[in-house]
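See below for data.csv, which holds CSV, C-alpha atoms.
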chain,number,residue,atom,x,y,z
Y,186,MET,CA,-7.8,-9.5,35.7
Y,187,GLN,CA,-4.3,-10.4,36.8
Y,188,PHE,CA,-2.4,-8.4,39.4
Y,189,VAL,CA,1.3,-7.9,39.0
Y,190,VAL,CA,3.3,-9.4,41.8
Y,191,SER,CA,6.7,-8.0,42.2
Y,192,PHE,CA,9.1,-8.4,45.0
Y,193,SER,CA,12.8,-7.4,44.9
Y,194,PHE,CA,15.2,-10.2,45.4
Y,195,ASN,CA,16.8,-9.9,48.8
Y,196,SER,CA,20.5,-10.6,48.1
Y,197,GLN,CA,23.0,-11.9,50.4
Y,198,SER,CA,24.8,-8.6,50.8
Y,199,GLY,CA,21.8,-7.2,52.5
Y,200,SER,CA,21.2,-4.4,50.1
Y,201,SER,CA,18.2,-2.1,50.7
Y,202,PHE,CA,14.8,-3.6,50.1
Y,203,CYS,CA,13.4,-1.7,47.1
Y,204,GLY,CA,10.4,-2.5,45.0
Y,205,LYS,CA,6.7,-2.4,45.4
Y,206,ARG,CA,4.7,-5.2,47.0
Y,207,PHE,CA,1.2,-6.3,45.8
Y,208,THR,CA,-0.7,-9.2,47.2
Y,209,SER,CA,-2.6,-11.3,44.7
Y,210,ASP,CA,-5.0,-14.1,45.3
Y,211,ARG,CA,-5.1,-15.4,41.8
Y,212,ILE,CA,-1.6,-16.9,41.5
Y,213,PRO,CA,-1.5,-20.3,43.1
Y,214,HIS,CA,2.3,-20.4,43.8
Y,215,GLY,CA,3.9,-21.9,46.8
Y,216,THR,CA,6.4,-19.0,47.1
Y,217,GLU,CA,5.5,-15.4,46.4
Y,218,ILE,CA,8.9,-14.0,45.8
Y,219,MET,CA,9.8,-12.9,42.2
Y,220,VAL,CA,12.8,-11.0,40.9
Y,221,GLU,CA,12.0,-7.4,40.0
Y,222,ASN,CA,12.2,-7.3,36.2
Y,223,SER,CA,12.6,-3.5,35.6
Y,224,PRO,CA,15.6,-2.0,34.1
Y,225,SER,CA,15.9,0.7,36.8
Y,226,PRO,CA,19.2,1.2,38.6
Y,227,LEU,CA,19.8,-1.1,41.6
Y,228,PRO,CA,22.7,-1.3,44.0
Y,229,GLU,CA,23.7,-4.7,42.7
Y,230,ARG,CA,23.8,-3.5,39.2
Y,231,ALA,CA,26.0,-0.6,40.2
Y,232,ILE,CA,28.4,-2.9,41.9
Y,233,TYR,CA,28.6,-5.3,38.9
Y,234,GLY,CA,29.1,-2.3,36.6
Y,235,PHE,CA,31.9,-0.9,38.7
Y,236,VAL,CA,33.6,-4.3,39.0
Y,237,LEU,CA,33.5,-4.7,35.2
Y,238,PHE,CA,34.8,-1.1,34.8
Y,239,LEU,CA,37.8,-1.8,37.1
Y,240,GLY,CA,38.4,-5.2,35.5
Y,241,SER,CA,38.4,-3.9,32.0
Y,242,GLN,CA,40.7,-0.9,32.9
Y,243,PHE,CA,43.1,-3.2,34.6
Y,244,GLY,CA,43.1,-5.6,31.7
Y,245,PHE,CA,43.8,-2.9,29.2
Y,246,PHE,CA,46.7,-1.5,31.4
Y,247,LEU,CA,48.1,-5.1,31.6
Y,248,TYR,CA,47.8,-5.5,27.8
Y,249,CYS,CA,49.6,-2.2,27.1
Y,250,MET,CA,52.3,-3.0,29.6
Y,251,TRP,CA,52.9,-6.4,28.0
Y,252,ALA,CA,52.9,-4.9,24.5
Y,253,PHE,CA,55.3,-2.0,25.2
Y,254,ILE,CA,57.8,-3.1,27.8
Y,255,PRO,CA,60.8,-4.8,26.1
Y,256,GLU,CA,61.3,-8.6,26.6
Y,257,GLU,CA,64.5,-8.2,28.6
Y,258,TRP,CA,62.9,-6.0,31.2
Y,259,LEU,CA,60.1,-8.5,31.6
Y,260,HIS,CA,62.7,-11.4,31.9
Y,261,SER,CA,64.6,-9.4,34.5
Y,262,ILE,CA,61.6,-9.0,36.7
Y,263,GLY,CA,61.0,-12.7,36.4
Y,264,LEU,CA,58.0,-12.9,34.0
Y,265,THR,CA,59.5,-15.3,31.4
Y,266,TYR,CA,56.6,-17.4,30.2
Y,267,TRP,CA,54.3,-14.7,28.7
Y,268,PRO,CA,53.2,-15.1,25.1
Y,269,GLN,CA,55.1,-13.7,22.1
Y,270,LYS,CA,54.6,-10.0,21.4
Y,271,TYR,CA,53.5,-11.0,17.9
Y,272,TRP,CA,50.1,-11.8,19.5
Y,273,ALA,CA,49.8,-8.2,20.8
Y,274,LEU,CA,49.1,-7.2,17.2
Y,275,ALA,CA,47.7,-10.4,15.8
Y,276,VAL,CA,44.8,-10.9,18.2
Y,277,PRO,CA,43.1,-7.5,17.7
Y,278,ILE,CA,43.5,-7.8,13.9
Y,279,TYR,CA,42.1,-11.4,14.0
Y,280,LEU,CA,39.1,-10.2,16.0
Y,281,LEU,CA,38.3,-7.3,13.7
Y,282,VAL,CA,38.7,-9.3,10.5
Y,283,ALA,CA,36.5,-12.1,12.0
Y,284,LEU,CA,33.9,-9.5,12.9
Y,285,VAL,CA,33.7,-8.1,9.4
Y,286,ILE,CA,33.6,-11.6,7.8
Y,287,SER,CA,30.9,-12.7,10.2
Y,288,LEU,CA,28.8,-9.8,9.1
Y,289,VAL,CA,29.2,-10.7,5.5
Y,290,LEU,CA,28.6,-14.4,6.4
Y,291,LEU,CA,25.4,-13.5,8.2
Y,292,PHE,CA,23.9,-11.9,5.2
Y,293,GLY,CA,25.1,-14.8,3.0
Y,294,VAL,CA,23.6,-17.5,5.3
Y,295,ASN,CA,20.3,-15.6,5.4
Y,296,MET,CA,20.1,-15.3,1.7
Y,297,ASN,CA,21.0,-18.9,1.3
Y,298,ASN,CA,18.3,-20.0,3.7
Y,299,THR,CA,15.6,-17.9,2.0
Y,300,ALA,CA,13.1,-20.1,0.2
Y,301,PRO,CA,13.2,-19.7,-3.6
Y,302,LEU,CA,10.1,-18.3,-5.4
Y,303,ASP,CA,9.1,-21.8,-6.5
Y,304,SER,CA,9.1,-23.4,-3.1
Y,305,VAL,CA,5.9,-24.5,-1.3
Y,306,ASP,CA,7.3,-22.9,1.9
Y,307,ASN,CA,6.2,-19.5,0.6
Y,308,ILE,CA,2.6,-20.7,0.5
Y,309,THR,CA,2.0,-23.0,3.4
Y,310,ASP,CA,3.8,-25.3,5.9
Y,311,VAL,CA,3.2,-28.5,8.0
Y,312,TYR,CA,1.4,-26.7,10.8
Y,313,ALA,CA,-1.0,-24.8,8.5
Y,314,GLN,CA,-1.9,-28.0,6.7
Y,315,ALA,CA,-2.5,-30.0,9.9
Y,316,GLN,CA,-4.9,-27.5,11.4
Y,317,ARG,CA,-8.4,-28.7,12.1
Y,318,THR,CA,-11.0,-27.3,9.8
Y,319,GLN,CA,-14.1,-27.7,12.0
Y,320,ASP,CA,-14.9,-24.8,14.4
Y,321,CYS,CA,-16.2,-25.8,17.7
Y,322,HIS,CA,-18.3,-23.8,20.2
Y,323,LYS,CA,-20.6,-21.7,18.1
Y,324,GLY,CA,-21.1,-18.3,19.5
Y,325,GLY,CA,-17.6,-18.1,21.0
Y,326,ILE,CA,-14.4,-16.7,19.6
Y,327,PRO,CA,-13.4,-18.7,16.6
Y,328,ARG,CA,-10.2,-20.6,16.8
Y,329,LEU,CA,-7.1,-18.9,15.5
Y,330,LYS,CA,-6.1,-20.4,12.2
Y,331,ASP,CA,-4.3,-19.8,9.0
Y,332,VAL,CA,-6.3,-18.4,6.1
Y,333,SER,CA,-5.6,-20.0,2.8
Y,334,ILE,CA,-3.9,-17.9,0.1
Y,335,SER,CA,-6.8,-18.3,-2.3
Y,336,GLU,CA,-9.2,-16.7,0.2
Y,337,VAL,CA,-6.7,-13.9,1.0
Y,338,ASN,CA,-6.4,-13.1,-2.7
Y,339,ASN,CA,-10.1,-13.1,-3.2
Y,340,MET,CA,-10.4,-10.6,-0.4
Y,341,PHE,CA,-7.7,-8.3,-1.6
Y,342,TYR,CA,-8.1,-8.3,-5.3
Y,343,LEU,CA,-11.5,-9.5,-6.2
Y,344,SER,CA,-13.8,-7.9,-3.7
Y,345,PRO,CA,-15.0,-4.4,-4.6
Y,346,LYS,CA,-13.0,-1.6,-3.1
Y,347,LEU,CA,-15.0,0.6,-0.7
G,167,MET,CA,-6.0,-5.5,-27.1
G,168,GLU,CA,-5.0,-3.1,-24.3
G,169,ASP,CA,-1.4,-1.7,-23.8
G,170,GLU,CA,-0.7,0.4,-20.7
G,171,ALA,CA,2.6,1.6,-19.2
G,172,TYR,CA,3.5,-1.0,-16.6
G,173,THR,CA,7.0,-1.5,-15.0
G,174,ASP,CA,8.9,-4.4,-13.6
G,175,ILE,CA,10.2,-4.5,-10.0
G,176,ASN,CA,13.3,-2.6,-10.9
G,177,GLY,CA,11.4,0.3,-12.6
G,178,LYS,CA,12.1,-0.7,-16.2
G,179,ALA,CA,9.1,-0.3,-18.5
G,180,ILE,CA,7.4,-3.4,-19.8
G,181,SER,CA,4.1,-3.9,-21.7
G,182,LEU,CA,1.2,-6.2,-21.1
G,183,ASP,CA,-1.1,-7.4,-23.9
G,184,CYS,CA,-4.3,-9.2,-23.0
G,185,GLN,CA,-6.2,-11.0,-25.7
G,186,SER,CA,-9.5,-12.7,-25.3
G,187,HIS,CA,-9.9,-15.3,-27.9
G,188,SER,CA,-13.2,-16.5,-26.6
G,189,SER,CA,-15.1,-16.5,-23.4
G,190,LEU,CA,-13.1,-19.5,-22.1
G,191,CYS,CA,-9.7,-18.7,-23.6
G,192,ARG,CA,-7.5,-15.7,-22.8
G,193,GLU,CA,-3.8,-15.0,-23.5
G,194,PHE,CA,-1.6,-12.6,-21.6
G,195,THR,CA,1.8,-11.5,-23.0
G,196,VAL,CA,4.3,-9.5,-21.1
G,197,SER,CA,7.0,-8.0,-23.3
G,198,VAL,CA,10.4,-6.7,-22.1
G,199,PRO,CA,12.1,-4.0,-24.1
G,200,LYS,CA,14.7,-5.3,-26.6
G,201,VAL,CA,18.4,-5.1,-26.2
G,202,SER,CA,19.4,-1.6,-27.0
G,203,ILE,CA,22.2,-1.1,-29.5
G,204,GLY,CA,23.7,1.7,-27.5
G,205,LYS,CA,24.3,-0.5,-24.4
G,206,VAL,CA,25.8,-3.2,-26.5
G,207,MET,CA,28.2,-0.8,-28.2
G,208,VAL,CA,29.2,0.8,-24.9
G,209,ASN,CA,29.9,-2.5,-23.2
G,210,THR,CA,31.8,-3.8,-26.2
G,211,CYS,CA,34.0,-0.7,-26.3
G,212,ILE,CA,34.7,-0.9,-22.6
G,213,VAL,CA,35.7,-4.6,-22.8
G,214,TRP,CA,37.9,-4.0,-25.8
G,215,LEU,CA,39.6,-0.9,-24.3
G,216,VAL,CA,40.4,-2.9,-21.1
G,217,ALA,CA,41.8,-5.7,-23.3
G,218,TYR,CA,43.9,-3.2,-25.2
G,219,GLY,CA,45.2,-1.8,-22.0
G,220,VAL,CA,46.2,-5.3,-20.8
G,221,PHE,CA,47.8,-5.9,-24.2
G,222,LEU,CA,49.9,-2.7,-23.8
G,223,LEU,CA,51.1,-3.9,-20.4
G,224,THR,CA,51.8,-7.5,-21.3
G,225,GLU,CA,52.6,-7.3,-25.1
G,226,ASN,CA,50.7,-10.5,-25.7
G,227,THR,CA,48.5,-10.5,-28.8
G,228,ALA,CA,46.5,-13.5,-27.4
G,229,VAL,CA,44.8,-11.0,-25.1
G,230,LEU,CA,43.2,-9.1,-28.0
G,231,SER,CA,42.0,-12.1,-29.9
G,232,SER,CA,40.7,-13.8,-26.8
G,233,ALA,CA,38.8,-10.6,-25.8
G,234,ILE,CA,37.2,-10.5,-29.2
G,235,PHE,CA,36.3,-14.2,-29.0
G,236,ILE,CA,34.9,-14.0,-25.5
G,237,THR,CA,32.8,-10.9,-26.3
G,238,LEU,CA,31.3,-12.6,-29.3
G,239,VAL,CA,30.6,-15.9,-27.6
G,240,GLY,CA,29.3,-14.1,-24.5
G,241,MET,CA,26.8,-12.1,-26.5
G,242,MET,CA,25.6,-15.1,-28.4
G,243,LEU,CA,25.0,-17.1,-25.3
G,244,HIS,CA,23.3,-14.1,-23.6
G,245,ILE,CA,20.7,-13.6,-26.4
G,246,HIS,CA,20.1,-17.3,-26.7
G,247,PHE,CA,19.8,-18.4,-23.1
G,248,VAL,CA,19.3,-15.3,-20.9
G,249,LYS,CA,17.6,-12.5,-22.7
G,250,VAL,CA,13.9,-13.0,-22.7
G,251,ASP,CA,11.8,-11.2,-25.3
G,252,HIS,CA,8.3,-11.9,-24.1
G,253,GLU,CA,6.6,-14.3,-21.8
G,254,SER,CA,3.0,-15.4,-22.3
G,255,LEU,CA,0.3,-17.2,-20.4
G,256,LEU,CA,-2.6,-18.8,-22.2
G,257,VAL,CA,-5.5,-19.9,-20.1
G,258,ILE,CA,-8.0,-22.3,-21.7
G,259,GLY,CA,-11.0,-23.1,-19.4
G,260,SER,CA,-11.3,-26.7,-18.4
G,261,LEU,CA,-8.3,-27.7,-20.5
G,262,GLY,CA,-5.3,-26.2,-18.9
G,263,ILE,CA,-2.8,-23.4,-19.1
G,264,GLN,CA,0.3,-22.9,-21.3
G,265,LEU,CA,3.3,-20.9,-20.3
G,266,SER,CA,5.8,-19.9,-22.9
G,267,SER,CA,9.0,-17.8,-22.9
G,268,SER,CA,10.5,-16.6,-26.1
G,269,TYR,CA,14.2,-15.5,-26.1
G,270,ALA,CA,15.9,-12.8,-28.1
G,271,SER,CA,17.4,-15.3,-30.5
G,272,GLY,CA,14.0,-16.7,-31.4
G,273,ARG,CA,14.1,-19.8,-29.1
G,274,GLU,CA,10.9,-20.6,-27.4
G,275,THR,CA,10.2,-22.8,-24.4
G,276,THR,CA,6.7,-23.9,-23.6
G,277,THR,CA,5.1,-25.7,-20.7
G,278,PHE,CA,1.5,-27.0,-20.5
G,279,ILE,CA,-0.2,-27.7,-17.2
G,280,GLU,CA,-3.6,-29.5,-17.4
G,281,MET,CA,-6.5,-28.2,-15.4
G,282,SER,CA,-6.8,-31.2,-13.1
G,283,LYS,CA,-3.4,-30.5,-11.7
G,284,ILE,CA,-4.1,-26.8,-11.1
G,285,LYS,CA,-5.4,-25.8,-7.7
G,286,ASP,CA,-5.4,-22.0,-8.2
G,287,ILE,CA,-3.6,-19.1,-9.7
G,288,VAL,CA,-2.7,-16.6,-6.9
G,289,ILE,CA,-0.6,-13.5,-6.3
G,290,ASN,CA,1.9,-14.3,-3.5
G,291,GLU,CA,4.5,-12.2,-1.8
G,292,ALA,CA,7.9,-13.5,-1.1
G,293,ILE,CA,11.4,-12.4,-0.2
G,294,TYR,CA,13.6,-12.1,-3.3
G,295,MET,CA,17.2,-11.1,-2.7
G,296,GLN,CA,16.9,-8.1,-0.5
G,297,GLN,CA,13.3,-7.0,-1.2
G,298,ILE,CA,9.8,-8.5,-1.0
G,299,ILE,CA,8.0,-8.8,-4.3
G,300,TYR,CA,4.6,-9.8,-5.6
G,301,TYR,CA,4.6,-12.5,-8.1
G,302,LEU,CA,1.9,-14.5,-9.8
G,303,CYS,CA,2.1,-18.3,-9.3
G,304,VAL,CA,0.2,-21.4,-10.2
G,305,LEU,CA,-0.5,-23.7,-7.3
G,306,LEU,CA,-0.4,-27.4,-8.3
G,307,LYS,CA,-2.2,-30.2,-6.5
G,308,ASP,CA,-1.8,-33.9,-6.5
G,309,PRO,CA,-5.0,-35.5,-7.9
G,310,SER,CA,-4.9,-37.9,-4.9
G,311,GLU,CA,-4.9,-35.1,-2.4
G,312,PRO,CA,-7.0,-32.2,-3.6
G,313,ASN,CA,-6.6,-30.0,-0.5
G,314,ALA,CA,-2.9,-29.7,-0.3
G,315,VAL,CA,-0.6,-27.7,-2.5
G,316,SER,CA,2.0,-30.0,-4.0
G,317,SER,CA,4.2,-27.5,-5.9
G,318,VAL,CA,4.3,-23.9,-7.0
G,319,VAL,CA,5.1,-22.6,-10.5
G,320,PRO,CA,6.0,-18.9,-10.6
G,321,LEU,CA,4.9,-17.1,-13.7
G,322,PHE,CA,6.6,-14.2,-15.6
G,323,GLN,CA,9.9,-14.9,-13.9
G,324,SER,CA,12.1,-12.9,-16.3
G,325,SER,CA,10.0,-9.9,-16.6
G,326,LYS,CA,8.7,-9.7,-13.0
G,327,PRO,CA,5.9,-7.2,-13.4
G,328,ARG,CA,4.6,-5.1,-10.5
G,329,LEU,CA,1.3,-5.4,-8.7
G,330,ASN,CA,-0.9,-3.4,-11.0
G,331,CYS,CA,0.0,-5.6,-13.9
G,332,LEU,CA,-0.4,-8.8,-11.8
G,333,VAL,CA,-3.8,-7.8,-10.5
G,334,LYS,CA,-5.1,-7.3,-14.0
G,335,VAL,CA,-3.9,-10.8,-15.1
G,336,TYR,CA,-5.2,-12.3,-11.8
G,337,LYS,CA,-8.7,-10.9,-12.2
G,338,SER,CA,-8.9,-12.1,-15.8
G,339,CYS,CA,-7.6,-15.6,-14.9
G,340,GLN,CA,-10.0,-16.0,-12.0
G,341,GLU,CA,-13.0,-15.4,-14.2
G,342,ILE,CA,-12.0,-18.4,-16.2
G,343,ILE,CA,-10.6,-20.7,-13.5
G,344,SER,CA,-13.4,-20.2,-11.1
G,345,LYS,CA,-16.0,-21.2,-13.7
G,346,CYS,CA,-14.7,-24.7,-14.2
Show me this structure written as structure tokens.
Amino acid sequence: MQFVVSFSFNSQSGSSFCGKRFTSDRIPHGTEIMVENSPSPLPERAIYGFVLFLGSQFGFFLYCMWAFIPEEWLHSIGLTYWPQKYWALAVPIYLLVALVISLVLLFGVNMNNTAPLDSVDNITDVYAQAQRTQDCHKGGIPRLKDVSISEVNNMFYLSPKL
Amino acid sequence: MEDEAYTDINGKAISLDCQSHSSLCREFTVSVPKVSIGKVMVNTCIVWLVAYGVFLLTENTAVLSSAIFITLVGMMLHIHFVKVDHESLLVIGSLGIQLSSSYASGRETTTFIEMSKIKDIVINEAIYMQQIIYYLCVLLKDPSEPNAVSSVVPLFQSSKPRLNCLVKVYKSCQEIISKC
């Protein structure tokens, strides 16, 4: 039996200490602090989320401003070294086309890597051939091993159906 | 001697014929339905109508003659190299097995595998295109290493029957192969 040890990670910002604490005498660790691994809401996660939200809204506003305001006005403010407005259209289009192509490419690469019907990889592989055939410790749980395909076929198709 | 309604992996009807020549020798033949004249006519008409349309646009008579030539050559190559009429598996105990495919033009290809090279005949499942299919295959072994599978020869590749047909062939084959 293994007890779950979960402590919440006490961050530098001094957020509230949440999480349950169980003691366990089975885990021989030097330290007993573990990060809480549950997907529940935490104050740190709320802060990260809000920062990301503000950042993305600001980035979008900046992008729209750069794309719509004419060049002369930007020059008159003093912002002269910004990229060409061509990229305001080109970058999103490049990204979308790359996304679609990568989807098609993913299917293609997968189909290319699938072993053909006449390859030995459909039957066995290096690890299954190298497994030891003798079983040790009679009376215990047998070692986990790969059953050969001839045996599997015998069981499926030759044994009488119940 | 028996003929039941089996289908291939796509649902098209095929037929299986099992013959027992003796207690040690059996032959299984999977036949695919022949090229239907209706499909040939429809495809030819479509190709020629498209070629005629291109001719009307470009006013180039070479389009028409090349369409006729391509259709004829394409059909000849198809029935000679691609369209399989029937595939057969002949198992002779303690001698070997013979696989043969006969094409629609009458061409036949045969392969003989001797019994010392055969480890087993099994039904395996593998990924084929976007689906997983059952297929019957011969496992070959190296005489120097009798426990390892050296290569795999899939059977009935052009007709690709479904599991009920394969199980029938498998049971029959195992009666002969397990004896020797």
Using only C-alpha atoms, I'd like a table of the residues in chain G that come within 9 Å of chain Y; for each, show the closest atom pair and its distance in Å rounded to one decimal, ordered by chain and ascending number, as CSV.
residue,atom,partner,partner_atom,distance
G:Asp286,CA,Y:Ser335,CA,7.1
G:Ile287,CA,Y:Ser335,CA,8.1
G:Val288,CA,Y:Ser335,CA,6.4
G:Ile289,CA,Y:Asn338,CA,6.8
G:Asn290,CA,Y:Ile308,CA,7.6
G:Glu291,CA,Y:Asn307,CA,7.9
G:Ala292,CA,Y:Asn307,CA,6.5
G:Ile293,CA,Y:Thr299,CA,7.3
G:Tyr294,CA,Y:Leu302,CA,7.4
G:Met295,CA,Y:Met296,CA,6.7
G:Gln296,CA,Y:Met296,CA,8.2
G:Tyr301,CA,Y:Leu302,CA,8.4
G:Cys303,CA,Y:Asp303,CA,8.3
G:Leu305,CA,Y:Val305,CA,8.8
G:Asn313,CA,Y:Gln314,CA,8.8
G:Ala314,CA,Y:Gln314,CA,7.3
G:Val315,CA,Y:Val305,CA,7.3
G:Ser316,CA,Y:Val305,CA,7.3
G:Ser317,CA,Y:Val305,CA,5.7
G:Val318,CA,Y:Asp303,CA,5.3
G:Val319,CA,Y:Asp303,CA,5.7
G:Pro320,CA,Y:Asp303,CA,5.9
G:Val333,CA,Y:Tyr342,CA,6.8
G:Tyr336,CA,Y:Tyr342,CA,8.2
G:Lys337,CA,Y:Leu343,CA,6.8
G:Gln340,CA,Y:Leu343,CA,8.8
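Our summary of the geometry notes that CA of Met241 (chain G) is positioned 13.1 Å from CA of Tyr269 (chain G).
Distance-wise, CA of Ser186 (chain G) and CA of Ala171 (chain G) end up 19.7 Å apart.
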What's the separation between CA of Phe245 (chain Y) and CA of Leu259 (chain Y), in Å to one decimal place?
17.4 Å
